[in-house]
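A short worksheet on the structure shown next.
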Amino acid sequence: MRTPLVIGNWKMNGDMVSNEKCLSDLLERVGPTLETGGIEMGIAAPAPYLFQVAVRLKGRAACVWGSQDVSDEGSGAFTGEISAFMLKDFECGFSLVGHSERRARHAETNSVASRKIQRLIEAGLIPVLCVGESLEDRQAGRAEVVVCEQLREALVSMSDDSASPIVLAYEPVWAIGTGKQASPSDAQQMHAALRETLSQRSDALASNTRIIYGGSLTASNAAVLFEQPDIDGGLVGGASLDPVSFASIVALSQLSSVSAASTSH
Ligand code: PGA
């Protein structure tokens with residue numbers, strides 16, 4: 001059984017005061033759910049607020065925090081960059097890698113993503129690799145080819161063992177922040193294709209890797225997506241800024257894992 005994971009990606013939003021309120025409202029709502037066990041919740045905060053988030057989440061059951069990006073270099077003269085070891089120092093558990101907004105705005109290629117994944121693994125952090133096709137790719141019928149290639153290239157220089165902590169986030173680019181989301185069957189099909197790509201390397205890697213869905217995920221559409229057998233949680237942008245919605249999405253991931261466990265017995 002894979003533990004469902006729901007990560008809130010705050011992107012470039014928030015400030016000290018609003019973060020404090022968001023975190024305390026969220027923890028009040030989600031605390032009992034997380035204590036029951038069986039799921040994990042993460043917050044990908046803007047770098048200046050990682051410490052604030054760490055202070056609020058530390059010691060809480062099933063909570064992790066992490067960064068939205070990391071340098072592909074280890075240390076040195078790289079002005080403005082943040083290394084994986086610095087994130088580790090702030091007790092981050094993960095970092096997003098290859099988010100489509102970074103691929104589009106900062107020319108982040110699959111090989112840059114690959115180096116970032118290696119830096120994170122060296123530092124003992126979980127890489128959350130984001131993959132996803134553009135609308136043009138989907139309309140041309142090449143979504144699966146593009147997305148599976150993003151995965152293959154990002155893992156190219158990694159052994160199966162060293163790749164094993166990775167989390168994948170399938171985020172169709174056309175669904176991010178648009179209010180459109182992949183249909184549950186299209187999302188399931190892509191998640192299954194990603195798992196199949198992993199199984200070409202190793203069955204254990206395929207069955208243990210969590211593949212989460214992102215792209216306009218809300219409390220109203222999460223349940224049916226989380227019911228799909230290869231969807232192991234969510235990467236939530238806009239809806240994670242509202243503690244009520246985000247807490248509901250976290251609770252829905254727990255419900256789906258409970259019902260999956262009962263049908264597998
Ligand atoms: P969204 O963003 O939920 O606002 O679509 C998801 C993401 O970009 O991670």
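Ligands are numbered from 1 in the order shown, residues from 1 within each chain, and chains are lettered A, B, ... in the order they appear in the structure tokens.
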
| said: What residues of the protein or nucleic acid chains come within 8 Å of ligand 1 when you use only C-alpha atoms and all ligand atoms? Reply as a list in words. | reply: Gly8, Asn9, Lys11, His99, Ser100, Glu101, Glu171, Ala175, Ile176, Gly177, Thr178, Gly179, Gly214, Gly215, Ser216, Leu217, Thr218, Leu235, Val236, Gly237, Gly238, Ala239 and Ser240 of chain A

Near region 54-64 of chain A, counting only C-alpha atoms, which residues have an atom at most 8 Å away, once you skip same-chain residues fewer than 2 positions from it, shown as JSON, numbers by chain?
{"A": [23, 31, 34, 35, 37, 39, 40, 41, 42, 43, 50, 51, 52, 66, 90, 91, 92, 93, 94]}

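For the set A:Ala44, A:Val173, A:Met12, A:Val128, the residue with the smallest atom-to-atom gap to Ala104 (chain A) is A:Val173, counting only C-alpha atoms.
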
| request: Using backbone DSSP assignments, extract all strand (DSSP E or B) residues from region 47-258 of chain A; output them as a PyMOL selection string. | output: chain A and resi 63-67+94-97+126-131+167-170+210-214+233-236

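Take the candidates A:Arg152, A:Lys116, A:Lys21, A:His191 and check each one against Ile211 (chain A) using only C-alpha atoms; the shortest distance goes to A:His191.
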
Among region 61-234 of chain A, which residues carry a DSSP assignment of helix (DSSP H, G or I), reported as an MDAnalysis selection string?
chainID A and resid 84:89 100:105 110:123 135:139 143:154 160:163 173:175 184:199 203:208 222:226

I'd like the contact shell of region 194-210 of chain A - 10 Å cut-off, only C-alpha atoms, skipping same-chain residues fewer than 4 positions apart - returned as a PyMOL selection string.
chain A and resi 1-5+128+131+144+147-152+155+159-161+163-170+188-190+230-233
